[in-house]
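File shown: run-v8.tsv. Contents: TSV, C-alpha atoms and all ligand atoms.
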```
chain	number	residue	atom	x	y	z
A	1	MET	CA	25.57	2.14	45.95
A	2	THR	CA	21.85	2.32	46.73
A	3	GLU	CA	20.10	-1.05	47.20
A	4	HIS	CA	17.00	-0.05	45.25
A	5	PRO	CA	17.06	1.07	41.63
A	6	ILE	CA	17.68	4.78	41.17
A	7	ARG	CA	14.37	6.27	40.06
A	8	VAL	CA	14.84	8.61	37.11
A	9	ALA	CA	12.27	11.08	35.77
A	10	ILE	CA	12.83	11.67	32.05
A	11	ALA	CA	11.73	15.06	30.70
A	12	GLY	CA	11.34	15.34	26.94
A	13	ALA	CA	10.51	11.65	26.57
A	14	THR	CA	9.09	11.94	23.04
A	15	GLY	CA	12.14	13.73	21.61
A	16	ARG	CA	15.09	12.39	19.61
A	17	MET	CA	17.26	12.13	22.73
A	18	GLY	CA	14.41	11.51	25.17
A	19	SER	CA	12.97	8.51	23.32
A	20	THR	CA	16.45	6.95	23.00
A	21	ALA	CA	17.06	7.54	26.72
A	22	VAL	CA	13.71	5.96	27.66
A	23	GLN	CA	14.79	2.73	25.94
A	24	ALA	CA	18.28	2.85	27.48
A	25	ILE	CA	17.09	3.51	31.04
A	26	ALA	CA	14.28	0.95	30.83
A	27	ASN	CA	16.93	-1.68	30.00
A	28	ALA	CA	19.63	-0.49	32.40
A	29	GLN	CA	20.61	-2.31	35.57
A	30	GLY	CA	20.20	-0.29	38.74
A	31	LEU	CA	17.94	2.34	37.14
A	32	SER	CA	14.18	2.57	36.78
A	33	ILE	CA	11.84	5.13	35.22
A	34	ALA	CA	10.00	7.19	37.84
A	35	GLY	CA	7.89	9.12	35.36
A	36	LEU	CA	7.94	10.65	31.89
A	37	LEU	CA	7.39	14.33	31.18
A	38	VAL	CA	6.03	15.23	27.75
A	39	HIS	CA	4.86	18.46	26.17
A	40	ARG	CA	1.55	17.17	24.81
A	41	ALA	CA	0.05	13.87	25.97
A	42	ASN	CA	-2.02	12.91	22.90
A	43	GLU	CA	-3.21	9.36	22.23
A	44	GLY	CA	-0.18	8.38	20.15
A	45	VAL	CA	2.25	9.59	22.80
A	46	LEU	CA	0.44	7.75	25.58
A	47	GLU	CA	0.31	4.58	23.50
A	48	SER	CA	4.06	4.60	22.83
A	49	LEU	CA	5.16	5.58	26.36
A	50	ASP	CA	2.57	4.03	28.69
A	51	ARG	CA	4.46	0.76	29.03
A	52	PHE	CA	7.60	2.56	30.25
A	53	GLY	CA	6.01	4.63	33.00
A	54	GLN	CA	3.40	7.15	34.02
A	55	VAL	CA	3.20	10.08	31.61
A	56	TYR	CA	2.90	13.68	32.90
A	57	VAL	CA	2.56	17.07	31.23
A	58	ASP	CA	3.18	19.15	34.35
A	59	PRO	CA	6.63	18.90	35.96
A	60	GLN	CA	5.45	19.81	39.46
A	61	THR	CA	2.75	17.11	39.38
A	62	LEU	CA	5.36	14.54	38.35
A	63	ILE	CA	7.63	15.66	41.20
A	64	ASP	CA	4.86	15.68	43.83
A	65	THR	CA	3.45	12.31	42.74
A	66	GLU	CA	6.57	10.28	42.00
A	67	HIS	CA	9.35	11.85	44.12
A	68	PRO	CA	12.10	10.77	41.68
A	69	ASP	CA	15.74	10.45	42.79
A	70	VAL	CA	17.07	11.99	39.57
A	71	TRP	CA	15.65	14.45	37.01
A	72	LEU	CA	17.07	13.82	33.53
A	73	ASP	CA	16.20	16.77	31.32
A	74	LEU	CA	16.26	16.34	27.54
A	75	THR	CA	13.77	19.05	26.60
A	76	THR	CA	14.50	22.43	25.08
A	77	PRO	CA	16.33	25.67	25.91
A	78	LYS	CA	12.93	27.22	26.75
A	79	SER	CA	11.81	24.64	29.31
A	80	VAL	CA	14.98	23.16	30.81
A	81	VAL	CA	15.69	26.14	33.06
A	82	ARG	CA	12.31	26.02	34.81
A	83	HIS	CA	12.46	22.23	35.16
A	84	ILE	CA	15.87	22.28	36.81
A	85	ASP	CA	14.83	25.09	39.15
A	86	LEU	CA	11.81	22.98	40.20
A	87	ALA	CA	13.86	19.79	40.60
A	88	ILE	CA	16.48	21.45	42.80
A	89	ALA	CA	13.78	23.13	44.91
A	90	ALA	CA	12.32	19.64	45.51
A	91	ASN	CA	15.73	18.12	46.38
A	92	ILE	CA	15.82	16.01	43.21
A	93	ARG	CA	19.27	15.56	41.66
A	94	PRO	CA	19.41	17.14	38.20
A	95	VAL	CA	21.15	15.62	35.19
A	96	VAL	CA	20.98	18.44	32.65
A	97	GLY	CA	21.26	17.04	29.12
A	98	ALA	CA	19.36	19.80	27.32
A	99	THR	CA	21.41	22.84	26.30
A	100	GLY	CA	20.70	26.53	25.83
A	101	TYR	CA	20.89	27.74	29.47
A	102	SER	CA	23.06	30.67	30.53
A	103	ASP	CA	26.12	30.96	32.78
A	104	ALA	CA	23.82	32.65	35.31
A	105	ASP	CA	21.55	29.56	35.29
A	106	ILE	CA	24.54	27.32	36.00
A	107	ALA	CA	25.68	29.56	38.86
A	108	ARG	CA	22.17	29.64	40.37
A	109	TRP	CA	21.76	25.84	40.16
A	110	GLN	CA	25.12	25.33	41.83
A	111	ALA	CA	24.34	27.85	44.58
A	112	GLU	CA	20.82	26.54	45.27
A	113	ALA	CA	21.92	22.89	45.31
A	114	ALA	CA	24.85	23.74	47.60
A	115	LYS	CA	22.40	24.86	50.31
A	116	ALA	CA	21.19	21.24	50.61
A	117	SER	CA	24.47	19.54	49.53
A	118	LEU	CA	22.47	18.20	46.59
A	119	GLY	CA	24.41	16.44	43.81
A	120	GLY	CA	23.86	17.22	40.15
A	121	LEU	CA	25.49	17.10	36.73
A	122	ILE	CA	25.30	19.56	33.86
A	123	CYS	CA	26.34	17.63	30.76
A	124	PRO	CA	26.50	19.59	27.50
A	125	ASN	CA	27.69	16.37	25.85
A	126	PHE	CA	27.33	12.76	27.05
A	127	ALA	CA	29.47	11.15	24.30
A	128	ILE	CA	32.88	9.82	25.37
A	129	GLY	CA	34.44	10.89	22.07
A	130	ALA	CA	33.22	14.45	22.57
A	131	LEU	CA	34.65	14.52	26.09
A	132	LEU	CA	37.99	13.34	24.71
A	133	MET	CA	37.82	15.97	21.97
A	134	MET	CA	37.41	18.65	24.66
A	135	ARG	CA	40.25	17.19	26.70
A	136	PHE	CA	42.61	17.14	23.71
A	137	ALA	CA	41.55	20.68	22.76
A	138	LYS	CA	42.44	21.85	26.26
A	139	GLU	CA	45.90	20.29	25.90
A	140	ALA	CA	46.44	21.68	22.37
A	141	ALA	CA	45.42	25.16	23.54
A	142	ARG	CA	48.53	25.27	25.74
A	143	TRP	CA	50.80	24.93	22.72
A	144	MET	CA	49.12	26.49	19.69
A	145	GLU	CA	48.74	30.22	18.98
A	146	ARG	CA	45.06	30.59	18.06
A	147	ALA	CA	41.94	28.48	17.65
A	148	GLU	CA	38.45	28.59	16.15
A	149	ILE	CA	35.55	26.16	16.65
A	150	ILE	CA	33.13	24.91	14.01
A	151	GLU	CA	30.08	23.10	15.41
A	152	LEU	CA	27.79	21.34	12.94
A	153	HIS	CA	24.32	19.99	13.79
A	154	HIS	CA	21.05	18.77	12.31
A	155	ALA	CA	18.71	21.48	11.03
A	156	GLN	CA	16.16	21.09	13.87
A	157	LYS	CA	18.55	22.11	16.63
A	158	LEU	CA	17.09	25.09	18.51
A	159	ASP	CA	20.15	26.56	20.24
A	160	MET	CA	23.18	28.21	18.67
A	161	PRO	CA	26.05	27.98	19.45
A	162	SER	CA	25.87	24.44	20.80
A	163	GLY	CA	26.39	23.69	24.48
A	164	THR	CA	29.41	21.57	23.58
A	165	SER	CA	31.16	24.40	21.73
A	166	LEU	CA	30.65	26.76	24.67
A	167	ARG	CA	31.95	24.15	27.11
A	168	THR	CA	34.96	23.48	24.84
A	169	ARG	CA	35.86	27.16	24.68
A	170	ASP	CA	35.49	27.41	28.44
A	171	ALA	CA	37.68	24.32	29.03
A	172	MET	CA	40.42	25.63	26.71
A	173	GLY	CA	40.88	28.54	29.13
A	174	VAL	CA	42.80	30.80	26.72
A	175	ASP	CA	43.02	34.59	26.99
A	176	TYR	CA	42.30	35.31	23.29
A	177	ASP	CA	38.90	35.20	21.59
A	178	VAL	CA	37.91	31.77	20.19
A	179	PRO	CA	35.20	32.38	17.56
A	180	ILE	CA	32.49	29.71	17.27
A	181	HIS	CA	30.93	29.07	13.83
A	182	SER	CA	27.60	27.22	13.68
A	183	VAL	CA	26.40	25.08	10.76
A	184	ARG	CA	22.83	23.68	10.65
A	185	LEU	CA	22.09	21.26	7.80
A	186	PRO	CA	19.85	18.26	7.13
A	187	GLY	CA	21.82	15.01	7.20
A	188	LEU	CA	24.02	16.06	10.12
A	189	VAL	CA	23.68	14.68	13.67
A	190	ALA	CA	26.24	16.35	16.00
A	191	HIS	CA	29.81	17.23	15.00
A	192	GLN	CA	32.56	19.61	16.07
A	193	GLU	CA	35.98	20.69	14.86
A	194	VAL	CA	38.48	22.66	16.92
A	195	ILE	CA	41.05	24.09	14.51
A	196	PHE	CA	44.33	25.38	15.92
A	197	GLY	CA	46.76	27.57	14.01
A	198	GLY	CA	50.48	28.03	14.63
A	199	VAL	CA	53.52	29.06	12.61
A	200	GLY	CA	53.25	27.22	9.29
A	201	GLU	CA	50.94	24.51	10.67
A	202	THR	CA	47.39	23.74	11.79
A	203	LEU	CA	45.94	21.04	14.01
A	204	THR	CA	42.32	19.91	13.70
A	205	ILE	CA	40.56	17.89	16.41
A	206	ARG	CA	37.21	16.56	15.20
A	207	HIS	CA	34.44	14.58	16.81
A	208	ASP	CA	31.34	13.09	15.12
A	209	SER	CA	28.26	11.68	16.79
A	210	LEU	CA	26.71	9.60	14.03
A	211	SER	CA	23.70	8.45	16.05
A	212	ARG	CA	22.10	9.27	19.40
A	213	GLU	CA	23.22	5.89	20.73
A	214	SER	CA	26.61	7.59	21.17
A	215	PHE	CA	25.19	9.57	24.10
A	216	MET	CA	23.61	6.67	26.00
A	217	PRO	CA	26.59	5.25	27.95
A	218	GLY	CA	27.16	8.77	29.28
A	219	VAL	CA	23.47	9.22	30.15
A	220	LEU	CA	23.51	5.98	32.16
A	221	LEU	CA	26.80	6.87	33.86
A	222	ALA	CA	25.44	10.30	34.87
A	223	CYS	CA	22.17	8.89	36.25
A	224	ARG	CA	24.00	6.21	38.23
A	225	ARG	CA	26.76	8.38	39.66
A	226	VAL	CA	24.91	11.62	40.35
A	227	VAL	CA	23.51	10.10	43.57
A	228	GLU	CA	27.07	9.93	44.97
A	229	LEU	CA	27.70	13.67	44.48
A	230	ASN	CA	27.10	16.48	46.96
A	231	GLN	CA	27.50	19.38	44.53
A	232	VAL	CA	26.44	20.28	40.99
A	233	LEU	CA	29.31	19.65	38.55
A	234	TYR	CA	29.56	21.13	35.04
A	235	GLY	CA	30.79	18.47	32.59
A	236	LEU	CA	30.60	14.68	32.64
A	237	GLU	CA	34.40	14.58	32.49
A	238	HIS	CA	34.39	15.21	36.27
A	239	LEU	CA	33.29	11.57	36.64
A	240	LEU	CA	35.96	10.29	34.25
A	241	TRP	CA	39.27	12.04	34.90
A	301	LIG	N1	23.97	16.46	26.39
A	301	LIG	C1	24.03	15.78	25.25
A	301	LIG	O1	24.89	14.93	25.01
A	301	LIG	C2	22.99	16.06	24.22
A	301	LIG	C3	22.13	17.09	24.41
A	301	LIG	N2	21.16	17.35	23.50
A	301	LIG	C4	20.24	18.41	23.86
A	301	LIG	O2	19.05	17.78	24.32
A	301	LIG	C5	17.93	18.59	24.00
A	301	LIG	C6	16.93	17.76	23.21
A	301	LIG	O3	17.46	17.47	21.94
A	301	LIG	P1	16.61	16.61	20.89
A	301	LIG	O4	16.16	15.36	21.51
A	301	LIG	O5	17.38	16.59	19.64
A	301	LIG	O6	15.35	17.60	20.69
A	301	LIG	P2	13.83	17.20	20.36
A	301	LIG	O7	13.19	18.46	19.86
A	301	LIG	O8	13.79	15.98	19.53
A	301	LIG	O9	13.24	16.85	21.80
A	301	LIG	C7	12.83	17.80	22.73
A	301	LIG	C8	11.64	17.20	23.45
A	301	LIG	O10	11.26	18.05	24.51
A	301	LIG	C9	9.85	18.17	24.49
A	301	LIG	N3	9.43	19.38	25.18
A	301	LIG	C10	9.48	20.65	24.76
A	301	LIG	N4	9.02	21.47	25.71
A	301	LIG	C11	8.65	20.70	26.75
A	301	LIG	C12	8.06	20.95	28.01
A	301	LIG	N5	7.78	22.19	28.41
A	301	LIG	N6	7.80	19.90	28.82
A	301	LIG	C13	8.10	18.65	28.44
A	301	LIG	N7	8.64	18.33	27.25
A	301	LIG	C14	8.91	19.35	26.43
A	301	LIG	C15	9.48	18.18	23.02
A	301	LIG	O11	8.12	17.86	22.84
A	301	LIG	P3	7.31	18.46	21.56
A	301	LIG	O12	8.07	17.98	20.36
A	301	LIG	O13	5.96	17.87	21.71
A	301	LIG	O14	7.35	19.95	21.73
A	301	LIG	C16	10.41	17.07	22.53
A	301	LIG	O15	9.85	15.80	22.71
A	301	LIG	C17	18.47	19.80	23.25
A	301	LIG	O16	18.65	20.87	24.15
A	301	LIG	C18	19.83	19.33	22.75
A	301	LIG	O17	20.74	20.38	22.57
A	301	LIG	C19	21.01	16.60	22.38
A	301	LIG	C20	21.85	15.57	22.12
A	301	LIG	C21	22.93	15.23	23.01
A	302	LIG	O1	21.11	19.23	19.81
A	302	LIG	C1	21.93	18.28	19.65
A	302	LIG	O2	21.75	17.40	18.82
A	302	LIG	C2	23.12	18.26	20.49
A	302	LIG	N1	23.24	19.12	21.45
A	302	LIG	C3	24.29	19.21	22.40
A	302	LIG	C4	25.01	20.53	22.28
A	302	LIG	O3	24.33	21.57	22.14
A	302	LIG	O4	26.24	20.57	22.34
A	302	LIG	C5	25.21	18.01	22.35
A	302	LIG	C6	25.45	17.44	20.99
A	302	LIG	O5	26.23	18.33	20.28
A	302	LIG	C7	24.12	17.18	20.28
```
Could you express the structure from this file as structure tokens?
Amino acid sequence: MTEHPIRVAIAGATGRMGSTAVQAIANAQGLSIAGLLVHRANEGVLESLDRFGQVYVDPQTLIDTEHPDVWLDLTTPKSVVRHIDLAIAANIRPVVGATGYSDADIARWQAEAAKASLGGLICPNFAIGALLMMRFAKEAARWMERAEIIELHHAQKLDMPSGTSLRTRDAMGVDYDVPIHSVRLPGLVAHQEVIFGGVGETLTIRHDSLSRESFMPGVLLACRRVVELNQVLYGLEHLLW
């Protein structure tokens, strides 16, 4: 354990996840906010975020000025890749919450961080229930013949398929194709079903995030524990089981 609070930069601080994480980290023991990265720092944004930490619009300026211990990224598929490249280059431990990166991005982050034994976590889903859903799907995949995934999200989600569905398919480790179906509708938050088919039976494993609070215990766990790692791990489950 470090004696001083772990200083976390939060990228995407005005977003649905980012604004919830700002509140959670500001109130968390052992963590402090090192700086907040936003897309556009207008008056309203500054007014709402000023009391939590210094607000930046340029990631490199935040890095050079604040030297955070951890970079928590909750931005978008377009910006997360550049941010994580910059963080790793500056020896800042990444916690990748945003989704929409490629397998090649993951491989590059792991390889670059390995050169400096830098710890990091790529977390397509921070919710404990979602991690359990993936674990149970992995177990069911050993016994059932076929499976398909339905992921359902709010209509504003930018990436498709979701990071969680891709991670689930990866974790199941089967040698047949697992189709992923994406639903985007108002009223939804974040939901997933893994449906297995066998002879005369089906098994459905479903998880529902009903609010973004569901992700916060996982966000705090990742920010606290990433400083103990010396490699970049894909999936928060690596800290749990
Ligand atoms: N790992 C997990 O458990 C979870 C992951 N997610 C992922 O987190 C990400 C964010 O989701 P959500 O909060 O719903 O999305 P939002 O659109 O609400 O938030 C994204 C935020 O990023 C900001 N942003 C965009 N580009 C930049 C940039 N270049 N620099 C700084 N900030 C930027 C946006 O600002 P502006 O609006 O001004 O453009 C916005 O505030 C998504 O990738 C989503 O898939 C979501 C939930 C759970
Ligand atoms: O955009 C979201 O909302 C979510 N994104 C993540 C994903 O792509 O899997 C995690 C969760 O499903 C919510």
Using all atoms listed in the file, find each residue with an atom at most 7 Å away from ligand LIG 301 (chain A) and format the answer as an MDAnalysis selection string.
chainID A and resid 11:18 37:40 57 74:77 79 97:100 123:127 157 159 162:163 212 215
Residue among A:Thr204, A:Asn91, A:Gln29, A:Ser19 lying closest to Lys115 of chain A, counting only C-alpha atoms:
A:Asn91
Give me the residues within 12 Å of Ala130 of chain A as a PyMOL selection string, counting all atoms listed in the file and dropping any in the same chain fewer than 5 places off.
chain A and resi 123-125+135-137+151+163-165+167-168+190-194+205-210+214-215+218+235-237
Of A:Ala155, A:Leu220, A:Ile6, A:Leu239, the one nearest to ligand LIG 302 (chain A) when counting all atoms listed in the file is A:Ala155
Measuring between all atoms listed in the file, which one of A:Trp241, A:Leu166, A:Gln110, A:Ile195 shows the shortest distance to Ala141 of chain A?
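Distance minimum relative to Ala141 of chain A lands on A:Ile195.
Minimum atom-to-atom distances from A:Val81, A:Val189, A:Val178, A:Val219 to Ala24 of chain A were compared using all atoms listed in the file, and the lowest value belongs to A:Val219.
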Pairwise distance, atom CA of Cys223 of chain A with atom CA of Ile84 of chain A, equals 14.8 Å
Excluding same-chain residues fewer than 6 positions from segment 231-233 of chain A, what lies within 8 Å of it counting only C-alpha atoms, as a PyMOL selection string?
chain A and resi 109-110+113-114+117-122
